[in-house]
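Novice: Here it is: the structure, laid out below.
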Protein chains: 2
Amino acid sequence: MDRVAWTADGLVPAVAQDARSGEVLMLAWMNREALAQTVETGEAVYWSRSRKALWKKGETSGHVQRVLEVRLDCDADAVLLRVESVAGIACHTGRRRCFFSKLEGEGASRRWAETDPVLADPGTFRDG
Amino acid sequence: MDRVAWTADGLVPAVAQDARSGEVLMLAWMNREALAQTVETGEAVYWSRSRKALWKKGETSGHVQRVLEVRLDCDADAVLLRVESVAGIACHTGRRRCFFSKLEGEGASRRWAETDPVLADPGTFRDG
């Protein structure tokens with residue numbers, strides 16, 4: 001924990017990658033307690049900047065992320081988790097990953113195109 | 001560009017993923033100009049927070065990242081690049097990725113273990 005270069009707000013960005021598919025699922029933030037709980041429990045816990053609270057991934061949705069590996073980058077200011085995404089859904093919109101918007105087109109017609117289907121009704125949970 | 005939810009400092013975190021291996025290579029930051037240049041040129045340009053300057057990846061090292069895909073997450077506050085890492089090196093330490101430290105061990109004996117070899121002498125470049 002002491003190696004981590006926390007921001008002035010005491011946070012570090014954490015990237016979750018699906019251990020099986022290799023897909024990058026999401027980027028969220030952790031404070032020291034979130035990282036400690038993630039390591040202790042083996043399930044991803046983030047810090048919700050909007051709610052200013054610890055956020056156990058899957059708490060309301062069941063879409064828990066089992067953490068197989070925790071990595072730190074060369075500057076110690078970013079974390080990478082290799083996870084098993086329990087229901088195959090990481091996004092609060094009900095998609096398998098948060099990065100479902102892809103830049104397409106050229107010049108003035110560039111746009112963010114949605115590429116991934118909604119797999120679960122987001123009305124039934126709030127945290128992906 | 002207008003969809004991106006920039007921080008108060010005008011930045012967004014950008015994750016670079018190797019298009020072939022699926023490995024997450026690095027996390028860096030972009031401002032609007034860095035993202036625009038990345039999209040226009042098809043090669044990754046970041047914002048160096050330490051140097052407070054645009055940072056064309058590979059400028060001094062030749063380790064350019066060809067950008068095959070640009071994605072945005074559900075909150076529009078994180079970018080994902082799928083890249084070809086020209087010399088197979090993304091890290092300024094001469095390793096293929098910045099996430100070369102892996103958390104190993106249990107309890108008090110937990111430590112960050114370096115898992116990746118140095119492939120190029122970092123004395124010959126400054127930007128990976």
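We name chains A, B, ... following the order of the structure tokens; residues begin at 1 in each chain, and ligands are numbered from 1 as shown.
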Contacts between chain B and chain A, please, where a residue of chain A counts if it comes within 6 Å (with only C-alpha atoms); show its shortest atom pair and distance in Å to one decimal, rows by chain and ascending number, as a Markdown table.
Specialist:
```
| residue | atom | partner | partner_atom | distance |
| --- | --- | --- | --- | --- |
| A:Gly22 | CA | B:Gly22 | CA | 5.5 |
| A:Val70 | CA | B:Leu103 | CA | 5.5 |
| A:Arg71 | CA | B:Lys102 | CA | 4.4 |
| A:Leu72 | CA | B:Ser101 | CA | 5.2 |
| A:Asp73 | CA | B:Phe99 | CA | 4.1 |
| A:Cys74 | CA | B:Cys98 | CA | 5.1 |
| A:Cys98 | CA | B:Asp73 | CA | 4.9 |
| A:Phe99 | CA | B:Asp73 | CA | 4.1 |
| A:Ser101 | CA | B:Leu72 | CA | 5.2 |
| A:Lys102 | CA | B:Arg71 | CA | 4.4 |
| A:Leu103 | CA | B:Val70 | CA | 5.5 |
```
Novice: Could the residues in this selection be written to a file with N, CA, C and O atoms, as a PDB file, in the first residue's frame?
Specialist:
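Produced file result-v6.pdb, reproduced below:
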```pdb
ATOM      1  N   GLY A  22      -9.667 -10.751 -21.748  1.00  0.00           N
ATOM      2  CA  GLY A  22      -8.688  -9.685 -21.910  1.00  0.00           C
ATOM      3  C   GLY A  22      -9.324  -8.325 -22.109  1.00  0.00           C
ATOM      4  O   GLY A  22      -8.630  -7.311 -22.167  1.00  0.00           O
ATOM      5  N   VAL A  70      -3.477  -8.233  -8.847  1.00  0.00           N
ATOM      6  CA  VAL A  70      -3.397  -6.783  -8.646  1.00  0.00           C
ATOM      7  C   VAL A  70      -2.020  -6.326  -9.107  1.00  0.00           C
ATOM      8  O   VAL A  70      -1.002  -6.869  -8.673  1.00  0.00           O
ATOM      9  N   ARG A  71      -1.998  -5.359 -10.013  1.00  0.00           N
ATOM     10  CA  ARG A  71      -0.730  -4.824 -10.518  1.00  0.00           C
ATOM     11  C   ARG A  71      -0.651  -3.322 -10.311  1.00  0.00           C
ATOM     12  O   ARG A  71      -1.680  -2.647 -10.202  1.00  0.00           O
ATOM     13  N   LEU A  72       0.582  -2.825 -10.272  1.00  0.00           N
ATOM     14  CA  LEU A  72       0.846  -1.401 -10.084  1.00  0.00           C
ATOM     15  C   LEU A  72       1.765  -0.962 -11.222  1.00  0.00           C
ATOM     16  O   LEU A  72       2.602  -1.748 -11.676  1.00  0.00           O
ATOM     17  N   ASP A  73       1.621   0.271 -11.674  1.00  0.00           N
ATOM     18  CA  ASP A  73       2.458   0.677 -12.807  1.00  0.00           C
ATOM     19  C   ASP A  73       3.775   1.297 -12.332  1.00  0.00           C
ATOM     20  O   ASP A  73       4.037   1.416 -11.142  1.00  0.00           O
ATOM     21  N   CYS A  74       4.588   1.671 -13.306  1.00  0.00           N
ATOM     22  CA  CYS A  74       5.967   2.092 -13.033  1.00  0.00           C
ATOM     23  C   CYS A  74       6.036   3.332 -12.152  1.00  0.00           C
ATOM     24  O   CYS A  74       6.986   3.493 -11.384  1.00  0.00           O
ATOM     25  N   CYS A  98     -17.760  -1.005 -19.604  1.00  0.00           N
ATOM     26  CA  CYS A  98     -18.141   0.408 -19.669  1.00  0.00           C
ATOM     27  C   CYS A  98     -17.688   1.067 -20.973  1.00  0.00           C
ATOM     28  O   CYS A  98     -18.251   2.084 -21.374  1.00  0.00           O
ATOM     29  N   PHE A  99     -16.681   0.496 -21.629  1.00  0.00           N
ATOM     30  CA  PHE A  99     -16.129   1.126 -22.844  1.00  0.00           C
ATOM     31  C   PHE A  99     -16.904   0.677 -24.081  1.00  0.00           C
ATOM     32  O   PHE A  99     -16.332   0.096 -25.009  1.00  0.00           O
ATOM     33  N   SER A 101     -18.553   2.677 -26.149  1.00  0.00           N
ATOM     34  CA  SER A 101     -18.637   3.717 -27.180  1.00  0.00           C
ATOM     35  C   SER A 101     -17.332   3.782 -27.955  1.00  0.00           C
ATOM     36  O   SER A 101     -16.252   3.958 -27.379  1.00  0.00           O
ATOM     37  N   LYS A 102     -17.443   3.645 -29.261  1.00  0.00           N
ATOM     38  CA  LYS A 102     -16.268   3.597 -30.132  1.00  0.00           C
ATOM     39  C   LYS A 102     -16.308   4.766 -31.096  1.00  0.00           C
ATOM     40  O   LYS A 102     -17.356   5.054 -31.675  1.00  0.00           O
ATOM     41  N   LEU A 103     -15.161   5.434 -31.238  1.00  0.00           N
ATOM     42  CA  LEU A 103     -15.094   6.560 -32.161  1.00  0.00           C
ATOM     43  C   LEU A 103     -15.101   6.024 -33.592  1.00  0.00           C
ATOM     44  O   LEU A 103     -14.252   5.214 -33.967  1.00  0.00           O
TER      45      LEU A 103
END
```
Novice: I need the residues in chain A that are helix (DSSP H, G or I) according to DSSP; give them as a VMD selection string.
Specialist: chain A and resid 32 to 41 107 to 109 122 to 124
Novice: Write the residues of the selection above to a file with all heavy atoms, as an mmCIF file, in the first residue's frame.
Specialist:
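Contents of the output file selection_0.cif:
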```
data_model
loop_
_atom_site.group_PDB
_atom_site.id
_atom_site.type_symbol
_atom_site.label_atom_id
_atom_site.label_comp_id
_atom_site.auth_asym_id
_atom_site.auth_seq_id
_atom_site.Cartn_x
_atom_site.Cartn_y
_atom_site.Cartn_z
ATOM 1 N N ARG A 32 -7.208 4.199 -0.208
ATOM 2 C CA ARG A 32 -6.393 3.186 0.470
ATOM 3 C C ARG A 32 -7.265 2.058 1.027
ATOM 4 O O ARG A 32 -6.924 0.882 0.924
ATOM 5 C CB ARG A 32 -5.599 3.861 1.595
ATOM 6 C CG ARG A 32 -4.722 2.917 2.395
ATOM 7 C CD ARG A 32 -4.001 3.663 3.506
ATOM 8 N NE ARG A 32 -2.835 4.359 3.000
ATOM 9 C CZ ARG A 32 -1.588 3.879 3.115
ATOM 10 N NH1 ARG A 32 -1.370 2.726 3.710
ATOM 11 N NH2 ARG A 32 -0.567 4.556 2.646
ATOM 12 N N GLU A 33 -8.411 2.440 1.597
ATOM 13 C CA GLU A 33 -9.296 1.440 2.193
ATOM 14 C C GLU A 33 -9.905 0.527 1.124
ATOM 15 O O GLU A 33 -10.038 -0.680 1.334
ATOM 16 C CB GLU A 33 -10.404 2.151 2.995
ATOM 17 C CG GLU A 33 -11.392 1.237 3.675
ATOM 18 C CD GLU A 33 -10.762 0.352 4.744
ATOM 19 O OE1 GLU A 33 -9.666 0.686 5.238
ATOM 20 O OE2 GLU A 33 -11.371 -0.685 5.067
ATOM 21 N N ALA A 34 -10.257 1.100 -0.015
ATOM 22 C CA ALA A 34 -10.826 0.293 -1.102
ATOM 23 C C ALA A 34 -9.802 -0.728 -1.601
ATOM 24 O O ALA A 34 -10.136 -1.906 -1.806
ATOM 25 C CB ALA A 34 -11.275 1.197 -2.252
ATOM 26 N N LEU A 35 -8.569 -0.285 -1.780
ATOM 27 C CA LEU A 35 -7.532 -1.213 -2.240
ATOM 28 C C LEU A 35 -7.264 -2.282 -1.183
ATOM 29 O O LEU A 35 -7.139 -3.473 -1.501
ATOM 30 C CB LEU A 35 -6.250 -0.450 -2.591
ATOM 31 C CG LEU A 35 -5.083 -1.303 -3.104
ATOM 32 C CD1 LEU A 35 -5.480 -2.165 -4.294
ATOM 33 C CD2 LEU A 35 -3.889 -0.417 -3.476
ATOM 34 N N ALA A 36 -7.219 -1.867 0.081
ATOM 35 C CA ALA A 36 -6.984 -2.832 1.160
ATOM 36 C C ALA A 36 -8.096 -3.871 1.204
ATOM 37 O O ALA A 36 -7.835 -5.078 1.302
ATOM 38 C CB ALA A 36 -6.874 -2.096 2.504
ATOM 39 N N GLN A 37 -9.358 -3.433 1.102
ATOM 40 C CA GLN A 37 -10.483 -4.378 1.132
ATOM 41 C C GLN A 37 -10.465 -5.287 -0.099
ATOM 42 O O GLN A 37 -10.785 -6.474 -0.009
ATOM 43 C CB GLN A 37 -11.814 -3.625 1.219
ATOM 44 C CG GLN A 37 -12.073 -3.011 2.589
ATOM 45 C CD GLN A 37 -13.515 -2.538 2.750
ATOM 46 O OE1 GLN A 37 -14.412 -2.931 2.008
ATOM 47 N NE2 GLN A 37 -13.736 -1.665 3.736
ATOM 48 N N THR A 38 -10.074 -4.727 -1.236
ATOM 49 C CA THR A 38 -9.981 -5.538 -2.459
ATOM 50 C C THR A 38 -8.969 -6.667 -2.267
ATOM 51 O O THR A 38 -9.234 -7.829 -2.609
ATOM 52 C CB THR A 38 -9.561 -4.647 -3.651
ATOM 53 O OG1 THR A 38 -10.580 -3.676 -3.877
ATOM 54 C CG2 THR A 38 -9.343 -5.465 -4.907
ATOM 55 N N VAL A 39 -7.818 -6.314 -1.718
ATOM 56 C CA VAL A 39 -6.764 -7.309 -1.521
ATOM 57 C C VAL A 39 -7.182 -8.334 -0.464
ATOM 58 O O VAL A 39 -6.991 -9.535 -0.640
ATOM 59 C CB VAL A 39 -5.449 -6.593 -1.121
ATOM 60 C CG1 VAL A 39 -4.389 -7.602 -0.684
ATOM 61 C CG2 VAL A 39 -4.941 -5.754 -2.288
ATOM 62 N N GLU A 40 -7.785 -7.864 0.616
ATOM 63 C CA GLU A 40 -8.164 -8.775 1.712
ATOM 64 C C GLU A 40 -9.276 -9.743 1.302
ATOM 65 O O GLU A 40 -9.234 -10.924 1.626
ATOM 66 C CB GLU A 40 -8.647 -7.971 2.939
ATOM 67 C CG GLU A 40 -7.568 -7.200 3.668
ATOM 68 C CD GLU A 40 -6.399 -8.086 4.109
ATOM 69 O OE1 GLU A 40 -6.632 -9.263 4.452
ATOM 70 O OE2 GLU A 40 -5.258 -7.604 4.080
ATOM 71 N N THR A 41 -10.274 -9.209 0.586
ATOM 72 C CA THR A 41 -11.458 -10.025 0.285
ATOM 73 C C THR A 41 -11.347 -10.749 -1.048
ATOM 74 O O THR A 41 -12.102 -11.704 -1.294
ATOM 75 C CB THR A 41 -12.731 -9.156 0.225
ATOM 76 O OG1 THR A 41 -12.621 -8.247 -0.881
ATOM 77 C CG2 THR A 41 -12.920 -8.366 1.513
ATOM 78 N N GLY A 107 -13.429 13.162 -39.791
ATOM 79 C CA GLY A 107 -13.673 14.603 -39.822
ATOM 80 C C GLY A 107 -14.943 14.997 -39.097
ATOM 81 O O GLY A 107 -15.171 14.588 -37.958
ATOM 82 N N ALA A 108 -15.776 15.770 -39.767
ATOM 83 C CA ALA A 108 -16.969 16.328 -39.121
ATOM 84 C C ALA A 108 -18.006 15.266 -38.791
ATOM 85 O O ALA A 108 -18.867 15.478 -37.948
ATOM 86 C CB ALA A 108 -17.593 17.392 -40.033
ATOM 87 N N SER A 109 -17.907 14.105 -39.440
ATOM 88 C CA SER A 109 -18.909 13.063 -39.191
ATOM 89 C C SER A 109 -18.451 12.066 -38.118
ATOM 90 O O SER A 109 -19.045 11.011 -37.951
ATOM 91 C CB SER A 109 -19.240 12.329 -40.492
ATOM 92 O OG SER A 109 -18.125 11.577 -40.913
ATOM 93 N N PRO A 122 -30.843 -2.243 -16.429
ATOM 94 C CA PRO A 122 -30.150 -1.436 -15.426
ATOM 95 C C PRO A 122 -31.087 -0.890 -14.342
ATOM 96 O O PRO A 122 -30.617 -0.357 -13.341
ATOM 97 C CB PRO A 122 -29.500 -0.311 -16.240
ATOM 98 C CG PRO A 122 -30.311 -0.244 -17.486
ATOM 99 C CD PRO A 122 -30.827 -1.626 -17.751
ATOM 100 N N GLY A 123 -32.374 -1.017 -14.556
ATOM 101 C CA GLY A 123 -33.305 -0.564 -13.530
ATOM 102 C C GLY A 123 -33.271 -1.396 -12.260
ATOM 103 O O GLY A 123 -33.706 -0.953 -11.213
ATOM 104 N N THR A 124 -32.670 -2.586 -12.355
ATOM 105 C CA THR A 124 -32.693 -3.491 -11.219
ATOM 106 C C THR A 124 -31.461 -3.371 -10.317
ATOM 107 O O THR A 124 -31.352 -4.044 -9.329
ATOM 108 C CB THR A 124 -32.782 -4.959 -11.707
ATOM 109 O OG1 THR A 124 -31.626 -5.242 -12.519
ATOM 110 C CG2 THR A 124 -34.040 -5.169 -12.536
#
```
Novice: Figure out the distance between atom CA of Val45 of chain B and atom CA of Met30 of chain B, please, to one decimal in Å.
Specialist: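 A separation of 7.5 Å between them.
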Novice: Measure the distance from atom CA of Arg66 of chain A to atom CA of Gly42 of chain A in Å and round it to one decimal.
Specialist: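 Separation between atom CA of Arg66 of chain A and atom CA of Gly42 of chain A: 5.9 Å.
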Novice: Using atom CA of Ser48 of chain B and atom CA of Ala19 of chain B as the two end points, give the distance in Å to one decimal.
Specialist: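 Atom CA of Ser48 of chain B sits 23.3 Å away from atom CA of Ala19 of chain B.
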Novice: Compile the contact shell of His63 of chain B as a short mmCIF file (atom, residue, chain, number, x, y, z; two decimals) with N, CA, C and O atoms, in the first residue's frame: residues with an atom at most 8 Å away, counting only C-alpha atoms, same-chain residues fewer than 6 positions apart removed.
Specialist:
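Everything below was put into selection.cif:
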```
data_model
loop_
_atom_site.label_atom_id
_atom_site.label_comp_id
_atom_site.auth_asym_id
_atom_site.auth_seq_id
_atom_site.Cartn_x
_atom_site.Cartn_y
_atom_site.Cartn_z
N LYS B 57 3.94 10.02 -27.83
CA LYS B 57 4.52 8.75 -27.41
C LYS B 57 5.53 8.26 -28.43
O LYS B 57 5.21 8.19 -29.63
N SER B 85 2.03 -1.41 -30.45
CA SER B 85 3.16 -0.82 -29.74
C SER B 85 4.41 -1.13 -30.58
O SER B 85 4.87 -2.26 -30.61
N VAL B 86 4.93 -0.09 -31.25
CA VAL B 86 5.84 -0.34 -32.37
C VAL B 86 7.03 -1.24 -32.04
O VAL B 86 7.26 -2.24 -32.71
N ALA B 87 7.78 -0.94 -31.02
CA ALA B 87 8.92 -1.82 -30.70
C ALA B 87 8.54 -2.84 -29.63
O ALA B 87 9.41 -3.53 -29.09
N GLY B 88 7.25 -2.92 -29.31
CA GLY B 88 6.83 -3.83 -28.24
C GLY B 88 7.22 -3.32 -26.87
O GLY B 88 7.28 -4.09 -25.91
N ILE B 89 7.47 -2.03 -26.78
CA ILE B 89 7.87 -1.43 -25.49
C ILE B 89 7.00 -0.21 -25.24
O ILE B 89 6.94 0.69 -26.06
N ALA B 90 6.31 -0.20 -24.11
CA ALA B 90 5.45 0.94 -23.78
C ALA B 90 5.97 1.73 -22.60
O ALA B 90 5.55 2.85 -22.37
N GLY B 128 9.63 6.09 -23.03
CA GLY B 128 9.13 4.76 -23.37
C GLY B 128 8.89 4.63 -24.83
O GLY B 128 8.01 3.93 -25.25
#
```
Novice: Please, which residues of chain A, numbered as in this document, come out strand (DSSP E) from DSSP, as a PyMOL selection string?
Specialist: chain A and resi 12-18+24-30+45-48+53-56+65-72+79-85+101-104+111-114
